[in-house]
>>> print(open('run-v3.pdb').read())   # PDB, C-alpha atoms
ATOM      1  CA  MET A 941     132.651 113.175 115.873
ATOM      2  CA  PRO A 942     129.306 113.303 117.726
ATOM      3  CA  SER A 943     126.233 113.678 115.543
ATOM      4  CA  ASP A 944     124.520 117.067 115.291
ATOM      5  CA  ARG A 945     120.970 116.342 116.388
ATOM      6  CA  ARG A 946     119.710 119.753 115.365
ATOM      7  CA  THR A 947     120.742 119.323 111.747
ATOM      8  CA  SER A 948     120.238 115.580 111.472
ATOM      9  CA  PRO A 949     116.885 114.544 112.961
ATOM     10  CA  PRO A 950     115.765 111.040 112.039
ATOM     11  CA  VAL A 951     114.329 110.702 108.555
ATOM     12  CA  PRO A 952     110.687 109.603 108.915
ATOM     13  CA  PRO A 953     109.589 106.272 107.466
ATOM     14  CA  ARG A 954     108.504 106.378 103.835
ATOM     15  CA  ASP A 955     104.867 105.706 104.593
ATOM     16  CA  HIS A 956     102.240 106.629 102.023
ATOM     17  CA  GLY A 957      98.533 106.470 101.475
ATOM     18  CA  GLY A 958      96.999 104.118  98.969
ATOM     19  CA  SER A 959      98.083 100.939 100.786
ATOM     20  CA  LEU A 960      94.767  99.229 100.213
ATOM     21  CA  SER A 961      96.392  95.798 100.114
ATOM     22  CA  ALA A 962      97.470  96.322 103.744
ATOM     23  CA  ALA A 963      93.903  97.223 104.676
ATOM     24  CA  ILE A 964      92.565  94.082 103.022
ATOM     25  CA  ALA A 965      95.183  91.933 104.744
ATOM     26  CA  ALA A 966      94.299  93.382 108.145
ATOM     27  CA  PHE A 967      90.534  93.744 107.876
ATOM     28  CA  GLY A 968      89.423  91.473 105.033
ATOM     29  CA  GLY A 969      87.148  92.038 102.086
ATOM     30  CA  ALA A 970      87.892  92.320  98.394
ATOM     31  CA  ARG A 971      89.346  95.405  96.727
ATOM     32  CA  GLY A 972      85.994  96.286  95.232
ATOM     33  CA  ASP A 973      84.426  96.419  98.706
ATOM     34  CA  TRP A 974      86.604  99.290  99.854
ATOM     35  CA  ILE A 975      86.427 103.070  99.595
ATOM     36  CA  ASP A 976      90.015 104.273  99.636
ATOM     37  CA  LEU A 977      90.252 107.696 101.285
ATOM     38  CA  SER A 978      93.897 107.273 102.253
ATOM     39  CA  THR A 979      95.200 109.390  99.361
ATOM     40  CA  GLY A 980      94.647 112.944  98.171
ATOM     41  CA  ILE A 981      93.698 111.957  94.628
ATOM     42  CA  ASN A 982      90.641 113.469  92.952
ATOM     43  CA  PRO A 983      88.027 110.671  92.913
ATOM     44  CA  CYS A 984      86.472 112.007  89.689
ATOM     45  CA  ALA A 985      89.277 111.654  87.173
ATOM     46  CA  TYR A 986      89.652 113.649  83.995
ATOM     47  CA  PRO A 987      87.868 111.809  81.153
ATOM     48  CA  LEU A 988      90.418 110.117  78.926
ATOM     49  CA  PRO A 989      90.575 111.354  75.339
ATOM     50  CA  ASP A 990      90.805 108.984  72.399
ATOM     51  CA  LEU A 991      94.366 107.862  71.720
ATOM     52  CA  ALA A 992      95.918 106.894  68.427
ATOM     53  CA  PRO A 993      97.560 103.459  68.129
ATOM     54  CA  SER A 994     100.887 105.217  67.560
ATOM     55  CA  ASP A 995     100.664 106.739  71.050
ATOM     56  CA  TRP A 996     101.189 103.208  72.348
ATOM     57  CA  THR A 997     103.474 101.727  69.708
ATOM     58  CA  ALA A 998     105.853 104.545  68.725
ATOM     59  CA  LEU A 999     108.549 106.228  70.761
ATOM     60  CA  PRO A1000     107.232 109.527  72.153
ATOM     61  CA  ASP A1001     108.062 112.276  69.683
ATOM     62  CA  ARG A1002     109.554 115.644  70.469
ATOM     63  CA  PRO A1003     106.616 117.717  69.083
ATOM     64  CA  ALA A1004     104.221 115.913  71.449
ATOM     65  CA  GLN A1005     106.484 116.667  74.411
ATOM     66  CA  GLN A1006     106.762 120.296  73.345
ATOM     67  CA  ALA A1007     102.965 120.524  73.041
ATOM     68  CA  LEU A1008     102.553 119.133  76.560
ATOM     69  CA  GLU A1009     105.105 121.517  78.039
ATOM     70  CA  ALA A1010     103.521 124.466  76.214
ATOM     71  CA  ALA A1011     100.103 123.526  77.618
ATOM     72  CA  ALA A1012     101.634 123.265  81.089
ATOM     73  CA  ARG A1013     103.235 126.696  80.766
ATOM     74  CA  ARG A1014      99.906 128.254  79.813
ATOM     75  CA  PHE A1015      97.883 126.485  82.482
ATOM     76  CA  TRP A1016     100.228 127.348  85.345
ATOM     77  CA  ARG A1017     101.262 130.749  83.925
ATOM     78  CA  VAL A1018     104.936 129.899  84.061
ATOM     79  CA  PRO A1019     107.332 132.850  83.607
ATOM     80  CA  ASP A1020     108.736 133.080  80.080
ATOM     81  CA  THR A1021     112.327 132.896  81.291
ATOM     82  CA  ALA A1022     111.779 129.663  83.251
ATOM     83  CA  SER A1023     112.441 126.303  81.608
ATOM     84  CA  ALA A1024     109.902 123.468  81.711
ATOM     85  CA  LEU A1025     110.419 119.742  82.061
ATOM     86  CA  ALA A1026     107.806 116.979  81.922
ATOM     87  CA  ALA A1027     108.690 113.832  83.865
ATOM     88  CA  PRO A1028     107.223 110.413  84.761
ATOM     89  CA  GLY A1029     105.692 111.698  87.986
ATOM     90  CA  ALA A1030     106.784 114.281  90.532
ATOM     91  CA  SER A1031     108.446 111.534  92.585
ATOM     92  CA  ALA A1032     110.913 110.877  89.749
ATOM     93  CA  LEU A1033     111.945 114.523  89.984
ATOM     94  CA  ILE A1034     112.102 114.554  93.791
ATOM     95  CA  ALA A1035     114.547 111.639  93.767
ATOM     96  CA  ARG A1036     116.944 113.524  91.489
ATOM     97  CA  LEU A1037     116.802 117.051  92.898
ATOM     98  CA  PRO A1038     119.501 116.601  95.591
ATOM     99  CA  ALA A1039     122.082 115.895  92.861
ATOM    100  CA  LEU A1040     121.673 119.402  91.456
ATOM    101  CA  ARG A1041     123.765 120.961  94.218
ATOM    102  CA  PRO A1042     126.813 119.920  96.274
ATOM    103  CA  THR A1043     125.927 118.054  99.443
ATOM    104  CA  GLY A1044     125.160 120.272 102.422
ATOM    105  CA  THR A1045     122.312 120.993 104.825
ATOM    106  CA  VAL A1046     118.690 121.121 103.660
ATOM    107  CA  ALA A1047     115.915 122.674 105.732
ATOM    108  CA  ILE A1048     112.649 120.743 105.614
ATOM    109  CA  ALA A1049     109.900 121.907 107.972
ATOM    110  CA  ARG A1050     108.125 118.777 109.128
ATOM    111  CA  PRO A1051     105.758 117.057 109.197
ATOM    112  CA  THR A1052     105.469 117.109 105.441
ATOM    113  CA  TYR A1053     105.616 114.776 102.459
ATOM    114  CA  ASN A1054     108.378 112.408 103.504
ATOM    115  CA  GLU A1055     109.896 111.632 100.088
ATOM    116  CA  HIS A1056     111.826 114.919 100.128
ATOM    117  CA  ALA A1057     113.737 114.077 103.302
ATOM    118  CA  ALA A1058     114.265 110.523 102.080
ATOM    119  CA  ALA A1059     115.726 111.731  98.775
ATOM    120  CA  PHE A1060     118.091 114.257 100.362
ATOM    121  CA  SER A1061     119.131 111.791 103.048
ATOM    122  CA  ALA A1062     119.903 109.125 100.432
ATOM    123  CA  ALA A1063     122.143 111.690  98.706
ATOM    124  CA  ARG A1064     123.958 112.251 102.047
ATOM    125  CA  TRP A1065     122.576 115.679 102.774
ATOM    126  CA  ARG A1066     122.045 116.691 106.404
ATOM    127  CA  ILE A1067     118.385 117.298 107.212
ATOM    128  CA  ALA A1068     117.494 120.337 109.337
ATOM    129  CA  ASP A1069     114.147 121.333 110.788
ATOM    130  CA  ASP A1070     115.013 125.023 110.823
ATOM    131  CA  MET A1071     116.477 127.481 108.338
ATOM    132  CA  PRO A1072     119.659 129.158 109.720
ATOM    133  CA  GLY A1073     122.702 128.286 107.629
ATOM    134  CA  ALA A1074     120.898 125.848 105.340
ATOM    135  CA  ASP A1075     122.254 125.378 101.822
ATOM    136  CA  ALA A1076     118.897 124.225 100.493
ATOM    137  CA  GLN A1077     115.256 124.342 101.456
ATOM    138  CA  VAL A1078     112.159 122.296 100.636
ATOM    139  CA  ILE A1079     108.634 123.619 101.059
ATOM    140  CA  VAL A1080     105.407 121.834 100.158
ATOM    141  CA  ASN A1081     102.827 124.463  99.231
ATOM    142  CA  PRO A1082     100.175 123.793 100.400
ATOM    143  CA  ASN A1083     101.734 121.418 102.854
ATOM    144  CA  ASN A1084     100.791 117.778 103.143
ATOM    145  CA  PRO A1085      99.158 116.961 105.544
ATOM    146  CA  ASP A1086      98.177 120.212 107.285
ATOM    147  CA  GLY A1087      97.607 122.480 104.269
ATOM    148  CA  ARG A1088     100.004 125.217 105.380
ATOM    149  CA  ILE A1089     100.391 127.965 102.776
ATOM    150  CA  TRP A1090     103.909 129.320 102.333
ATOM    151  CA  ARG A1091     104.823 132.909 101.482
ATOM    152  CA  ALA A1092     107.502 134.036  99.047
ATOM    153  CA  GLU A1093     109.488 135.768 101.794
ATOM    154  CA  GLU A1094     109.957 132.411 103.502
ATOM    155  CA  LEU A1095     112.171 131.238 100.623
ATOM    156  CA  ARG A1096     115.585 132.010 102.066
ATOM    157  CA  ALA A1097     118.034 129.304 100.985
ATOM    158  CA  PRO A1098     120.182 129.637  97.845
ATOM    159  CA  PHE A1099     118.562 126.454  96.493
ATOM    160  CA  ALA A1100     114.819 126.040  97.119
ATOM    161  CA  VAL A1101     112.431 123.316  96.027
ATOM    162  CA  ILE A1102     108.768 124.381  95.979
ATOM    163  CA  ASP A1103     106.526 121.338  95.747
ATOM    164  CA  GLU A1104     103.062 122.423  94.593
ATOM    165  CA  SER A1105     101.573 118.985  94.057
ATOM    166  CA  PHE A1106      98.345 120.034  95.808
ATOM    167  CA  CYS A1107      98.181 123.680  94.722
ATOM    168  CA  ASP A1108      95.788 123.256  91.795
ATOM    169  CA  THR A1109      92.782 123.590  94.085
ATOM    170  CA  ALA A1110      94.091 126.999  95.218
ATOM    171  CA  PRO A1111      96.107 128.493  92.345
ATOM    172  CA  GLU A1112      95.986 131.919  93.957
ATOM    173  CA  HIS A1113      98.546 130.661  96.485
ATOM    174  CA  SER A1114     101.019 129.375  93.901
ATOM    175  CA  LEU A1115     104.631 130.580  93.967
ATOM    176  CA  ILE A1116     105.100 129.813  90.279
ATOM    177  CA  ASP A1117     106.269 133.394  89.676
ATOM    178  CA  HIS A1118     109.515 132.388  91.412
ATOM    179  CA  ALA A1119     110.274 129.547  88.989
ATOM    180  CA  ALA A1120     112.581 131.807  86.996
ATOM    181  CA  GLY A1121     114.583 132.890  90.043
ATOM    182  CA  PRO A1122     118.132 131.644  90.612
ATOM    183  CA  GLY A1123     118.221 128.396  92.558
ATOM    184  CA  ARG A1124     114.443 127.916  92.465
ATOM    185  CA  ILE A1125     112.514 124.868  91.236
ATOM    186  CA  VAL A1126     108.718 124.540  91.305
ATOM    187  CA  LEU A1127     107.227 121.046  91.081
ATOM    188  CA  LYS A1128     103.726 120.271  89.838
ATOM    189  CA  SER A1129     101.912 116.950  90.017
ATOM    190  CA  PHE A1130      99.378 115.896  87.403
ATOM    191  CA  GLY A1131      97.955 112.779  89.040
ATOM    192  CA  LYS A1132      96.303 114.374  92.069
ATOM    193  CA  PHE A1133      94.077 117.183  90.771
ATOM    194  CA  TRP A1134      93.266 115.374  87.517
ATOM    195  CA  GLY A1135      92.810 112.065  89.327
ATOM    196  CA  LEU A1136      95.144 110.102  87.057
ATOM    197  CA  ALA A1137      97.926 109.077  89.411
ATOM    198  CA  GLY A1138      98.574 105.891  87.447
ATOM    199  CA  LEU A1139      99.532 107.936  84.390
ATOM    200  CA  ARG A1140     102.736 109.030  86.183
ATOM    201  CA  LEU A1141     103.167 112.600  85.033
ATOM    202  CA  GLY A1142     104.775 115.565  86.771
ATOM    203  CA  PHE A1143     106.576 118.794  85.929
ATOM    204  CA  ALA A1144     109.517 120.882  87.050
ATOM    205  CA  PHE A1145     109.905 124.588  86.276
ATOM    206  CA  GLY A1146     113.034 126.559  86.995
ATOM    207  CA  PRO A1147     116.015 128.400  85.543
ATOM    208  CA  PRO A1148     117.779 126.697  82.621
ATOM    209  CA  ASP A1149     120.902 125.913  84.656
ATOM    210  CA  LEU A1150     118.816 123.642  86.904
ATOM    211  CA  ILE A1151     116.307 122.204  84.452
ATOM    212  CA  ALA A1152     118.896 121.215  81.825
ATOM    213  CA  PRO A1153     120.871 118.850  84.117
ATOM    214  CA  LEU A1154     117.610 117.514  85.537
ATOM    215  CA  SER A1155     116.524 116.687  81.996
ATOM    216  CA  ASP A1156     119.846 114.929  81.371
ATOM    217  CA  MET A1157     119.275 112.769  84.455
ATOM    218  CA  LEU A1158     115.892 111.624  83.143
ATOM    219  CA  GLY A1159     117.292 110.740  79.728
ATOM    220  CA  PRO A1160     115.395 110.558  76.423
ATOM    221  CA  TRP A1161     111.649 109.832  76.261
ATOM    222  CA  PRO A1162     110.952 110.384  79.955
ATOM    223  CA  VAL A1163     107.171 110.606  79.430
ATOM    224  CA  SER A1164     105.103 107.956  77.660
ATOM    225  CA  GLY A1165     103.167 108.684  74.491
ATOM    226  CA  PRO A1166      99.754 108.262  76.172
ATOM    227  CA  ALA A1167     100.790 110.563  79.021
ATOM    228  CA  LEU A1168     101.903 113.236  76.557
ATOM    229  CA  ARG A1169      98.534 113.232  74.775
ATOM    230  CA  ILE A1170      96.340 112.943  77.865
ATOM    231  CA  GLY A1171      98.296 115.580  79.759
ATOM    232  CA  ALA A1172      98.128 118.086  76.918
ATOM    233  CA  ALA A1173      94.365 117.583  76.550
ATOM    234  CA  ALA A1174      93.720 117.970  80.277
ATOM    235  CA  LEU A1175      95.898 121.046  80.711
ATOM    236  CA  THR A1176      94.062 122.882  77.944
ATOM    237  CA  ASP A1177      90.622 122.079  79.386
ATOM    238  CA  THR A1178      90.278 125.053  81.700
ATOM    239  CA  ALA A1179      86.499 124.671  81.980
ATOM    240  CA  TRP A1180      86.952 121.223  83.533
ATOM    241  CA  ALA A1181      89.505 122.635  85.977
ATOM    242  CA  THR A1182      87.155 125.418  87.079
ATOM    243  CA  GLN A1183      84.230 123.053  87.605
ATOM    244  CA  THR A1184      86.447 120.592  89.463
ATOM    245  CA  ARG A1185      87.686 123.242  91.892
ATOM    246  CA  GLN A1186      84.107 124.169  92.703
ATOM    247  CA  ARG A1187      83.078 120.545  93.267
ATOM    248  CA  LEU A1188      86.107 119.750  95.418
ATOM    249  CA  ALA A1189      85.547 122.814  97.627
ATOM    250  CA  HIS A1190      81.895 121.834  98.114
ATOM    251  CA  ASP A1191      82.799 118.222  98.914
ATOM    252  CA  ALA A1192      85.585 119.195 101.330
ATOM    253  CA  ALA A1193      83.104 121.304 103.297
ATOM    254  CA  ARG A1194      80.619 118.417 103.292
ATOM    255  CA  LEU A1195      83.213 116.012 104.678
ATOM    256  CA  ASP A1196      84.130 118.526 107.388
ATOM    257  CA  ARG A1197      80.496 118.723 108.493
ATOM    258  CA  ILE A1198      80.236 114.939 108.727
ATOM    259  CA  MET A1199      83.480 114.535 110.656
ATOM    260  CA  THR A1200      83.022 117.398 113.106
ATOM    261  CA  ALA A1201      79.490 116.193 113.882
ATOM    262  CA  ARG A1202      81.087 112.928 114.994
ATOM    263  CA  GLY A1203      83.626 114.516 117.294
ATOM    264  CA  ALA A1204      86.620 115.175 115.058
ATOM    265  CA  ALA A1205      88.248 118.622 114.989
ATOM    266  CA  LEU A1206      89.459 120.099 111.720
ATOM    267  CA  ALA A1207      93.254 120.411 111.812
ATOM    268  CA  GLY A1208      93.905 121.569 108.252
ATOM    269  CA  GLY A1209      94.148 120.144 104.773
ATOM    270  CA  THR A1210      93.324 121.156 101.214
ATOM    271  CA  ASP A1211      90.322 120.633  98.960
ATOM    272  CA  LEU A1212      91.790 117.248  97.998
ATOM    273  CA  PHE A1213      92.289 115.930 101.534
ATOM    274  CA  ARG A1214      91.221 116.918 105.048
ATOM    275  CA  LEU A1215      93.167 116.542 108.276
ATOM    276  CA  TYR A1216      91.344 115.929 111.541
ATOM    277  CA  ARG A1217      92.397 115.778 115.177
ATOM    278  CA  VAL A1218      90.766 112.844 116.941
ATOM    279  CA  SER A1219      91.068 111.167 120.325
ATOM    280  CA  ALA A1220      92.841 108.039 119.031
ATOM    281  CA  ALA A1221      93.663 107.935 115.342
ATOM    282  CA  ARG A1222      94.355 104.212 115.182
ATOM    283  CA  ARG A1223      90.963 103.403 116.698
ATOM    284  CA  TRP A1224      89.229 105.744 114.260
ATOM    285  CA  GLN A1225      91.021 104.093 111.364
ATOM    286  CA  ALA A1226      90.053 100.622 112.591
ATOM    287  CA  ARG A1227      86.419 101.682 113.088
ATOM    288  CA  LEU A1228      86.209 102.979 109.539
ATOM    289  CA  ALA A1229      87.946  99.886 108.251
ATOM    290  CA  THR A1230      85.209  97.656 109.672
ATOM    291  CA  VAL A1231      82.851  99.254 107.132
ATOM    292  CA  ARG A1232      85.520  99.062 104.413
ATOM    293  CA  ILE A1233      86.613 102.715 104.400
ATOM    294  CA  TRP A1234      90.368 103.193 104.439
ATOM    295  CA  SER A1235      91.923 106.310 105.972
ATOM    296  CA  ARG A1236      95.407 107.637 106.629
ATOM    297  CA  ILE A1237      97.182 107.853 109.961
ATOM    298  CA  PHE A1238     100.752 108.915 110.642
ATOM    299  CA  PRO A1239     103.623 107.263 112.528
ATOM    300  CA  TYR A1240     104.531 110.539 114.244
ATOM    301  CA  SER A1241     101.067 111.288 115.670
ATOM    302  CA  ASP A1242      98.497 109.394 117.738
ATOM    303  CA  ASN A1243      95.657 111.798 117.032
ATOM    304  CA  LEU A1244      95.839 112.902 113.405
ATOM    305  CA  LEU A1245      93.581 111.305 110.797
ATOM    306  CA  ARG A1246      93.602 112.271 107.122
ATOM    307  CA  LEU A1247      90.774 111.587 104.696
ATOM    308  CA  GLY A1248      90.655 112.131 100.974
ATOM    309  CA  LEU A1249      87.377 113.003  99.299
ATOM    310  CA  PRO A1250      84.942 110.266  98.306
ATOM    311  CA  HIS A1251      83.444 109.719  94.878
ATOM    312  CA  PRO A1252      79.943 111.251  94.663
ATOM    313  CA  ASP A1253      78.409 107.756  94.619
ATOM    314  CA  ASP A1254      80.043 106.935  97.967
ATOM    315  CA  TRP A1255      78.603 109.708 100.129
ATOM    316  CA  PRO A1256      75.814 107.524 101.585
ATOM    317  CA  ARG A1257      78.391 105.049 102.903
ATOM    318  CA  ILE A1258      80.501 107.857 104.364
ATOM    319  CA  GLU A1259      77.510 109.393 106.140
ATOM    320  CA  ALA A1260      76.432 106.003 107.524
ATOM    321  CA  ALA A1261      79.909 104.971 108.678
ATOM    322  CA  TRP A1262      79.271 105.722 112.378
TER     323      TRP A1262
END
>>> encode(input="run-v3.pdb", output="structure tokens")
Amino acid sequence: MPSDRRTSPPVPPRDHGGSLSAAIAAFGGARGDWIDLSTGINPCAYPLPDLAPSDWTALPDRPAQQALEAAARRFWRVPDTASALAAPGASALIARLPALRPTGTVAIARPTYNEHAAAFSAARWRIADDMPGADAQVIVNPNNPDGRIWRAEELRAPFAVIDESFCDTAPEHSLIDHAAGPGRIVLKSFGKFWGLAGLRLGFAFGPPDLIAPLSDMLGPWPVSGPALRIGAAALTDTAWATQTRQRLAHDAARLDRIMTARGAALAGGTDLFRLYRVSAARRWQARLATVRIWSRIFPYSDNLLRLGLPHPDDWPRIEAAW
């Protein structure tokens, strides 16, 4: 039978930011020489609280997991009827989501974060760019890399995954109210806004009939003891979150001024990363790399360049990069 090109476009390569080793191999220098702007991770991480020795040596206990999930529910204002699940990173959840429904067609508007298409494709789902007739739907809100904000009325499939990994800079656009709806799952990432990607912590919220089997897939003790404690502390520190949103918004605007003054055009983004349209993205990346600043380009575009935000100490190098 001939392939259906409309419902089975090629799955994009699983390229990601953060490949600093590739930058060093291509352009030289030591890791400490580089400013890595290829990710959308907050450069000013949440300050780590003191941890007890038992957080490292004992199996994670159920009360600590419950405390973390309760803090998450309060912070994100999760509906009471939705279930919560903490996991070792949002990517661990993304890889398992296709198994929650029988194989069919999933609509994924691209370009977007490519792990969703990779996960559904690996589970033998057909990938569609448009919605008609789709059994499932994935939206990234706001979208990575262009920052598109999705509306609730655009959720039209019986099974919908709402990835809000970058929504903590703009909580007013969250679709968390739909986490209790039938066939709806909302994902949240901890590592990006709180700047602790190495902690590997993420969350899924949805109706019990979806969250319970997802929990079974992860098995016992899915989240480490240190992650339980650090996550609970961070999610209850609303003052830090408010101050961080203000700083990130200010810094995103500052980066836009620098880039547009040098000929780039703003093409979208969030307050954790900015997307620019440039004349030749690969040349821009190479130019920045000569001064040990690493950026993100995309295999599907010759003129899109994405930059994360620099640490406050690195602004002089960013401003002097051209």
>>> residues_around(input="run-v3.pdb", residues="region 1092-1105 of chain A", least_positions_apart="2", cutoff="7 Å", atoms="only C-alpha atoms", output="list in words")
Ala1074, Asp1075, Ala1076, Gln1077, Val1078, Ile1079, Val1080, Asn1081, Pro1082, Trp1090, Cys1107, Leu1115, Gly1123, Arg1124, Ile1125, Val1126, Leu1127, Lys1128 and Ser1129 of chain A
>>> resolve_selection(input="run-v3.pdb", expression="the PyMOL selection byres ((chain A and resi 1139-1142) around 6)", output="list in words")
Ala1026, Ala1027, Pro1028, Gly1029, Ala1030, Lys1128, Ser1129, Phe1130, Leu1136, Ala1137, Gly1138 and Phe1143 of chain A
>>> closest_residue(input="run-v3.pdb", among="A:Ser1114, A:Asn982, A:Gln1005, A:Ser994", to="Arg1017 (chain A)", atoms="only C-alpha atoms")
A:Ser1114
>>> residues_around(input="run-v3.pdb", residues="region 1040-1057 of chain A", least_positions_apart="2", cutoff="9 Å", atoms="only C-alpha atoms", output="PyMOL selection string")
chain A and resi 947-948+951-956+1031+1034-1038+1059-1080+1083-1086+1097+1099+1150+1153-1154+1240
>>> residues_around(input="run-v3.pdb", residues="Asp1108 (chain A)", least_positions_apart="6", cutoff="12 Å", atoms="only C-alpha atoms", output="ChimeraX atom specification")
/A:981-982,1015-1016,1081-1082,1114-1116,1127-1135,1175,1178,1181-1182,1184-1186,1188-1189,1210-1212
>>> closest_residue(input="run-v3.pdb", among="A:Gly1159, A:Gly1171, A:Pro1250, A:Gly968", to="Thr1230 (chain A)", atoms="all atoms listed in the file")
A:Gly968
>>> residues_around(input="run-v3.pdb", residues="Tyr1216 (chain A)", least_positions_apart="3", cutoff="6 Å", atoms="all atoms listed in the file", output="PDB file with C-alpha atoms, keeping the file's coordinate frame")
ATOM      1  CA  ALA A1204      86.620 115.175 115.058  1.00  0.00           C
ATOM      2  CA  ALA A1205      88.248 118.622 114.989  1.00  0.00           C
ATOM      3  CA  LEU A1206      89.459 120.099 111.720  1.00  0.00           C
ATOM      4  CA  ALA A1207      93.254 120.411 111.812  1.00  0.00           C
ATOM      5  CA  LEU A1244      95.839 112.902 113.405  1.00  0.00           C
ATOM      6  CA  LEU A1245      93.581 111.305 110.797  1.00  0.00           C
TER       7      LEU A1245
END
>>> resolve_selection(input="run-v3.pdb", expression="the PyMOL selection byres ((chain A and resi 1243) around 8)", output="list in words")
Arg1217, Val1218, Ser1219, Ala1220, Ala1221, Arg1222, Ser1241, Asp1242, Leu1244 and Leu1245 of chain A
>>> decode(input="run-v3.pdb", residues="region 1098-1117 of chain A", atoms="C-alpha atoms", output="CSV table (one decimal), in the first residue's frame")
chain,number,residue,atom,x,y,z
A,1098,PRO,CA,-10.1,12.9,22.0
A,1099,PHE,CA,-6.5,12.5,23.5
A,1100,ALA,CA,-4.5,15.7,23.8
A,1101,VAL,CA,-1.0,16.3,25.3
A,1102,ILE,CA,-0.4,19.9,26.4
A,1103,ASP,CA,3.3,20.4,27.0
A,1104,GLU,CA,3.8,23.5,29.1
A,1105,SER,CA,7.5,23.1,29.7
A,1106,PHE,CA,8.1,26.9,29.0
A,1107,CYS,CA,4.9,28.3,30.4
A,1108,ASP,CA,6.2,29.3,33.8
A,1109,THR,CA,7.3,32.7,32.4
A,1110,ALA,CA,3.7,33.4,31.3
A,1111,PRO,CA,1.4,31.5,33.6
A,1112,GLU,CA,-1.6,33.5,32.4
A,1113,HIS,CA,-1.5,31.5,29.2
A,1114,SER,CA,-1.5,28.1,30.9
A,1115,LEU,CA,-4.2,25.6,30.0
A,1116,ILE,CA,-3.9,23.8,33.3
A,1117,ASP,CA,-7.6,24.2,33.9
